[in-house]
>>> print(open('input26.pdb').read())   # PDB, C-alpha atoms
MODEL        1
ATOM      1  CA  MET M   1     -33.288 -26.532  -2.132  1.00  0.00           C
ATOM      2  CA  HIS M   2     -29.656 -25.706  -2.882  1.00  0.00           C
ATOM      3  CA  SER M   3     -26.913 -28.291  -2.992  1.00  0.00           C
ATOM      4  CA  SER M   4     -23.921 -27.888  -0.695  1.00  0.00           C
ATOM      5  CA  SER M   5     -21.680 -27.113  -3.696  1.00  0.00           C
ATOM      6  CA  GLU M   6     -24.068 -24.324  -4.788  1.00  0.00           C
ATOM      7  CA  LEU M   7     -24.041 -22.873  -1.273  1.00  0.00           C
ATOM      8  CA  LEU M   8     -20.239 -23.031  -1.121  1.00  0.00           C
ATOM      9  CA  ALA M   9     -19.945 -21.367  -4.539  1.00  0.00           C
ATOM     10  CA  SER M  10     -22.359 -18.634  -3.462  1.00  0.00           C
ATOM     11  CA  GLU M  11     -20.504 -18.095  -0.184  1.00  0.00           C
ATOM     12  CA  SER M  12     -17.165 -18.026  -2.004  1.00  0.00           C
ATOM     13  CA  ALA M  13     -18.452 -15.447  -4.513  1.00  0.00           C
ATOM     14  CA  SER M  14     -19.803 -13.327  -1.663  1.00  0.00           C
ATOM     15  CA  HIS M  15     -16.450 -13.511   0.160  1.00  0.00           C
ATOM     16  CA  LEU M  16     -14.607 -12.602  -3.039  1.00  0.00           C
ATOM     17  CA  GLY M  17     -16.933  -9.639  -3.543  1.00  0.00           C
ATOM     18  CA  ARG M  18     -16.192  -8.377  -0.022  1.00  0.00           C
ATOM     19  CA  ASP M  19     -12.441  -8.777  -0.632  1.00  0.00           C
ATOM     20  CA  VAL M  20     -12.629  -6.807  -3.875  1.00  0.00           C
ATOM     21  CA  GLU M  21     -14.723  -4.093  -2.234  1.00  0.00           C
ATOM     22  CA  ARG M  22     -12.298  -3.874   0.723  1.00  0.00           C
ATOM     23  CA  HIS M  23      -9.351  -3.711  -1.669  1.00  0.00           C
ATOM     24  CA  LEU M  24     -10.940  -0.891  -3.677  1.00  0.00           C
ATOM     25  CA  ASP M  25     -11.873   1.024  -0.509  1.00  0.00           C
ATOM     26  CA  CYS M  26      -8.316   0.656   0.732  1.00  0.00           C
ATOM     27  CA  HIS M  27      -6.877   2.024  -2.516  1.00  0.00           C
ATOM     28  CA  LEU M  28      -9.300   4.924  -2.488  1.00  0.00           C
ATOM     29  CA  GLU M  29      -8.239   5.775   1.060  1.00  0.00           C
ATOM     30  CA  ILE M  30      -4.541   5.513   0.150  1.00  0.00           C
ATOM     31  CA  ASP M  31      -4.941   7.695  -2.937  1.00  0.00           C
ATOM     32  CA  GLU M  32      -7.072  10.323  -1.185  1.00  0.00           C
ATOM     33  CA  ARG M  33      -4.564  10.753   1.642  1.00  0.00           C
ATOM     34  CA  ALA M  34      -1.661  10.890  -0.827  1.00  0.00           C
ATOM     35  CA  LEU M  35      -3.466  13.524  -2.918  1.00  0.00           C
ATOM     36  CA  HIS M  36      -4.044  15.623   0.193  1.00  0.00           C
ATOM     37  CA  LEU M  37      -0.341  15.389   1.105  1.00  0.00           C
ATOM     38  CA  LEU M  38       0.805  16.137  -2.442  1.00  0.00           C
ATOM     39  CA  LYS M  39      -1.385  19.243  -2.506  1.00  0.00           C
ATOM     40  CA  LYS M  40      -0.062  20.333   0.878  1.00  0.00           C
ATOM     41  CA  ARG M  41       3.529  19.875  -0.307  1.00  0.00           C
ATOM     42  CA  SER M  42       2.774  21.765  -3.511  1.00  0.00           C
ATOM     43  CA  ARG M  43       1.250  24.721  -1.649  1.00  0.00           C
ATOM     44  CA  GLN M  44       3.455  24.874   1.441  1.00  0.00           C
ATOM     45  CA  GLY M  45       6.695  23.172   0.418  1.00  0.00           C
ATOM     46  CA  LYS M  46       8.348  19.894   1.371  1.00  0.00           C
ATOM     47  CA  GLU M  47       9.282  21.252   4.802  1.00  0.00           C
ATOM     48  CA  SER M  48       5.576  21.435   5.687  1.00  0.00           C
ATOM     49  CA  LEU M  49       5.298  17.638   5.688  1.00  0.00           C
ATOM     50  CA  SER M  50       6.016  15.714   8.862  1.00  0.00           C
ATOM     51  CA  TYR M  51       8.290  12.686   8.857  1.00  0.00           C
ATOM     52  CA  TYR M  52       5.243  10.392   8.762  1.00  0.00           C
ATOM     53  CA  GLU M  53       3.627  12.362   5.947  1.00  0.00           C
ATOM     54  CA  GLN M  54       6.805  12.049   3.879  1.00  0.00           C
ATOM     55  CA  LEU M  55       6.984   8.358   4.716  1.00  0.00           C
ATOM     56  CA  TYR M  56       3.343   7.952   3.708  1.00  0.00           C
ATOM     57  CA  LEU M  57       4.121   9.358   0.261  1.00  0.00           C
ATOM     58  CA  CYS M  58       6.894   6.760  -0.027  1.00  0.00           C
ATOM     59  CA  PHE M  59       4.374   4.062   0.899  1.00  0.00           C
ATOM     60  CA  TRP M  60       1.916   5.442  -1.663  1.00  0.00           C
ATOM     61  CA  ALA M  61       4.578   5.353  -4.401  1.00  0.00           C
ATOM     62  CA  VAL M  62       5.578   1.773  -3.521  1.00  0.00           C
ATOM     63  CA  ASP M  63       1.942   0.679  -3.313  1.00  0.00           C
ATOM     64  CA  TYR M  64       1.099   2.307  -6.654  1.00  0.00           C
ATOM     65  CA  SER M  65       4.077   0.681  -8.348  1.00  0.00           C
ATOM     66  CA  LEU M  66       3.212  -2.770  -6.984  1.00  0.00           C
ATOM     67  CA  GLU M  67      -0.474  -2.430  -7.829  1.00  0.00           C
ATOM     68  CA  HIS M  68      -0.161  -0.999 -11.333  1.00  0.00           C
ATOM     69  CA  HIS M  69       3.188  -2.324 -12.558  1.00  0.00           C
ATOM     70  CA  GLY M  70       3.613  -5.540 -10.575  1.00  0.00           C
ATOM     71  CA  ASP M  71       7.039  -4.482  -9.391  1.00  0.00           C
ATOM     72  CA  LEU M  72       8.882  -1.550  -7.814  1.00  0.00           C
ATOM     73  CA  SER M  73      10.027  -0.017 -11.108  1.00  0.00           C
ATOM     74  CA  VAL M  74       8.173   3.307 -10.937  1.00  0.00           C
ATOM     75  CA  ALA M  75       8.019   4.004  -7.199  1.00  0.00           C
ATOM     76  CA  ASP M  76      11.092   6.246  -7.211  1.00  0.00           C
ATOM     77  CA  ASP M  77       9.667   8.162 -10.186  1.00  0.00           C
ATOM     78  CA  PHE M  78       6.799   9.307  -7.964  1.00  0.00           C
ATOM     79  CA  GLU M  79       8.782   9.917  -4.805  1.00  0.00           C
ATOM     80  CA  PRO M  80      12.603  10.118  -4.753  1.00  0.00           C
ATOM     81  CA  ASN M  81      14.164   7.170  -2.895  1.00  0.00           C
ATOM     82  CA  ALA M  82      10.699   5.864  -2.006  1.00  0.00           C
ATOM     83  CA  VAL M  83      11.728   2.220  -2.149  1.00  0.00           C
ATOM     84  CA  ILE M  84      14.750   2.584   0.120  1.00  0.00           C
ATOM     85  CA  ARG M  85      13.023   4.940   2.557  1.00  0.00           C
ATOM     86  CA  PHE M  86       9.809   2.961   2.858  1.00  0.00           C
ATOM     87  CA  PHE M  87      11.395  -0.472   3.138  1.00  0.00           C
ATOM     88  CA  ALA M  88      13.916   0.701   5.725  1.00  0.00           C
ATOM     89  CA  PHE M  89      10.934   1.716   7.845  1.00  0.00           C
ATOM     90  CA  ALA M  90       8.944  -1.437   6.964  1.00  0.00           C
ATOM     91  CA  GLN M  91      11.835  -3.615   8.087  1.00  0.00           C
ATOM     92  CA  GLN M  92      11.972  -1.806  11.445  1.00  0.00           C
ATOM     93  CA  GLN M  93       8.260  -2.526  11.853  1.00  0.00           C
ATOM     94  CA  GLY M  94       8.628  -6.216  10.995  1.00  0.00           C
ATOM     95  CA  TRP M  95       6.558  -5.835   7.821  1.00  0.00           C
ATOM     96  CA  PRO M  96       7.402  -7.572   4.550  1.00  0.00           C
ATOM     97  CA  ASN M  97      10.739  -6.179   3.433  1.00  0.00           C
ATOM     98  CA  TRP M  98      12.189  -5.302   0.045  1.00  0.00           C
ATOM     99  CA  GLN M  99      13.754  -8.750  -0.434  1.00  0.00           C
ATOM    100  CA  GLN M 100      10.495 -10.505   0.455  1.00  0.00           C
ATOM    101  CA  VAL M 101       8.586  -8.363  -2.045  1.00  0.00           C
ATOM    102  CA  GLU M 102      11.170  -9.043  -4.771  1.00  0.00           C
ATOM    103  CA  GLN M 103      10.997 -12.773  -3.990  1.00  0.00           C
ATOM    104  CA  ALA M 104       7.192 -12.668  -4.125  1.00  0.00           C
ATOM    105  CA  ILE M 105       7.412 -11.002  -7.555  1.00  0.00           C
ATOM    106  CA  GLU M 106       9.780 -13.718  -8.802  1.00  0.00           C
ATOM    107  CA  GLU M 107       7.570 -16.487  -7.407  1.00  0.00           C
ATOM    108  CA  GLN M 108       4.387 -14.860  -8.743  1.00  0.00           C
ATOM    109  CA  GLN M 109       3.084 -14.469  -5.190  1.00  0.00           C
ATOM    110  CA  LEU M 110       3.008 -10.676  -5.242  1.00  0.00           C
ATOM    111  CA  ARG M 111      -0.716 -10.263  -4.542  1.00  0.00           C
ATOM    112  CA  ALA M 112      -0.568 -11.928  -1.094  1.00  0.00           C
ATOM    113  CA  CYS M 113       2.645 -10.140  -0.106  1.00  0.00           C
ATOM    114  CA  HIS M 114       1.347  -6.797  -1.378  1.00  0.00           C
ATOM    115  CA  MET M 115      -1.933  -7.177   0.531  1.00  0.00           C
ATOM    116  CA  GLN M 116      -0.074  -8.033   3.748  1.00  0.00           C
ATOM    117  CA  LEU M 117       2.220  -5.030   3.350  1.00  0.00           C
ATOM    118  CA  GLN M 118      -0.687  -2.770   2.450  1.00  0.00           C
ATOM    119  CA  ASP M 119      -2.825  -3.888   5.406  1.00  0.00           C
ATOM    120  CA  LYS M 120      -0.003  -3.308   7.887  1.00  0.00           C
ATOM    121  CA  ALA M 121       0.938   0.093   6.449  1.00  0.00           C
ATOM    122  CA  VAL M 122      -2.642   1.370   6.244  1.00  0.00           C
ATOM    123  CA  ALA M 123      -3.369   0.329   9.832  1.00  0.00           C
ATOM    124  CA  TYR M 124      -0.144   1.960  11.035  1.00  0.00           C
ATOM    125  CA  PHE M 125      -0.656   5.229   9.183  1.00  0.00           C
ATOM    126  CA  ASN M 126      -4.306   5.417  10.201  1.00  0.00           C
ATOM    127  CA  GLY M 127      -3.021   5.505  13.767  1.00  0.00           C
ATOM    128  CA  GLN M 128      -0.480   8.220  12.932  1.00  0.00           C
ATOM    129  CA  PHE M 129      -3.003  10.476  11.224  1.00  0.00           C
ATOM    130  CA  ALA M 130      -5.972   9.899  13.543  1.00  0.00           C
TER     131      ALA M 130
ENDMDL
END
>>> encode(input="input26.pdb", output="structure tokens")
Amino acid sequence: MHSSSELLASESASHLGRDVERHLDCHLEIDERALHLLKKRSRQGKESLSYYEQLYLCFWAVDYSLEHHGDLSVADDFEPNAVIRFFAFAQQQGWPNWQQVEQAIEEQQLRACHMQLQDKAVAYFNGQFA
């Protein structure tokens, strides 16, 4: 018979495992779509990308920078003006904005803010590209 603390620990570990798996699946989906769009742009030119495809590449650059650098320092290296372009759109949508992300970085709360932003953007773009 398991104690209640053992059951809670097991349930917590299971929940954490699902969160990690969901997070990795989400990143795989983001990266695969970005790779497809980067290849399209490389073959057919920037003009071949729709507004939402260009915006998605801005999201990808912001997401990559937050995930791998913990800030927005490299986003514009991947996609010119990615930070300004993406966060202007995010603000219109009522998503976490640039200032909220910067504040989350300062307060060491980036993970929660990043996940919220990522969830909203992925859901939105999935609807655009369906």
>>> resolve_selection(input="input26.pdb", expression="the PyMOL selection byres ((chain M and resi 115) around 12)", output="PyMOL selection string")
chain M and resi 19-20+22-24+26-27+63+66-67+95-96+101+104+109-114+116-122
>>> write_last_selection(input="input26.pdb", atoms="C-alpha atoms", output="PDB file, in the frame of the given file")
ATOM      1  CA  ASP M  19     -12.441  -8.777  -0.632  1.00  0.00           C
ATOM      2  CA  VAL M  20     -12.629  -6.807  -3.875  1.00  0.00           C
ATOM      3  CA  ARG M  22     -12.298  -3.874   0.723  1.00  0.00           C
ATOM      4  CA  HIS M  23      -9.351  -3.711  -1.669  1.00  0.00           C
ATOM      5  CA  LEU M  24     -10.940  -0.891  -3.677  1.00  0.00           C
ATOM      6  CA  CYS M  26      -8.316   0.656   0.732  1.00  0.00           C
ATOM      7  CA  HIS M  27      -6.877   2.024  -2.516  1.00  0.00           C
ATOM      8  CA  ASP M  63       1.942   0.679  -3.313  1.00  0.00           C
ATOM      9  CA  LEU M  66       3.212  -2.770  -6.984  1.00  0.00           C
ATOM     10  CA  GLU M  67      -0.474  -2.430  -7.829  1.00  0.00           C
ATOM     11  CA  TRP M  95       6.558  -5.835   7.821  1.00  0.00           C
ATOM     12  CA  PRO M  96       7.402  -7.572   4.550  1.00  0.00           C
ATOM     13  CA  VAL M 101       8.586  -8.363  -2.045  1.00  0.00           C
ATOM     14  CA  ALA M 104       7.192 -12.668  -4.125  1.00  0.00           C
ATOM     15  CA  GLN M 109       3.084 -14.469  -5.190  1.00  0.00           C
ATOM     16  CA  LEU M 110       3.008 -10.676  -5.242  1.00  0.00           C
ATOM     17  CA  ARG M 111      -0.716 -10.263  -4.542  1.00  0.00           C
ATOM     18  CA  ALA M 112      -0.568 -11.928  -1.094  1.00  0.00           C
ATOM     19  CA  CYS M 113       2.645 -10.140  -0.106  1.00  0.00           C
ATOM     20  CA  HIS M 114       1.347  -6.797  -1.378  1.00  0.00           C
ATOM     21  CA  GLN M 116      -0.074  -8.033   3.748  1.00  0.00           C
ATOM     22  CA  LEU M 117       2.220  -5.030   3.350  1.00  0.00           C
ATOM     23  CA  GLN M 118      -0.687  -2.770   2.450  1.00  0.00           C
ATOM     24  CA  ASP M 119      -2.825  -3.888   5.406  1.00  0.00           C
ATOM     25  CA  LYS M 120      -0.003  -3.308   7.887  1.00  0.00           C
ATOM     26  CA  ALA M 121       0.938   0.093   6.449  1.00  0.00           C
ATOM     27  CA  VAL M 122      -2.642   1.370   6.244  1.00  0.00           C
TER      28      VAL M 122
END
>>> atom_distance(input="input26.pdb", atom1="CA of Val62 in chain M", atom2="CA of Ala90 in chain M")
11.5 Å
>>> atom_distance(input="input26.pdb", atom1="CA of Lys46 in chain M", atom2="CA of Val83 in chain M")
18.3 Å
>>> resolve_selection(input="input26.pdb", expression="the PyMOL selection byres ((chain M and resi 80) around 12)", output="ChimeraX atom specification")
/M:54-55,57-59,61-62,74-79,81-86
>>> atom_distance(input="input26.pdb", atom1="CA of Gln100 in chain M", atom2="CA of Gly70 in chain M")
13.9 Å
>>> axis_aligned_box(input="input26.pdb", around="range 100-107 of chain M", padding_each_side="6 Å", output="JSON")
{"center_x": 9.2, "center_y": -12.4, "center_z": -4.2, "size_x": 16.0, "size_y": 20.1, "size_z": 21.3}
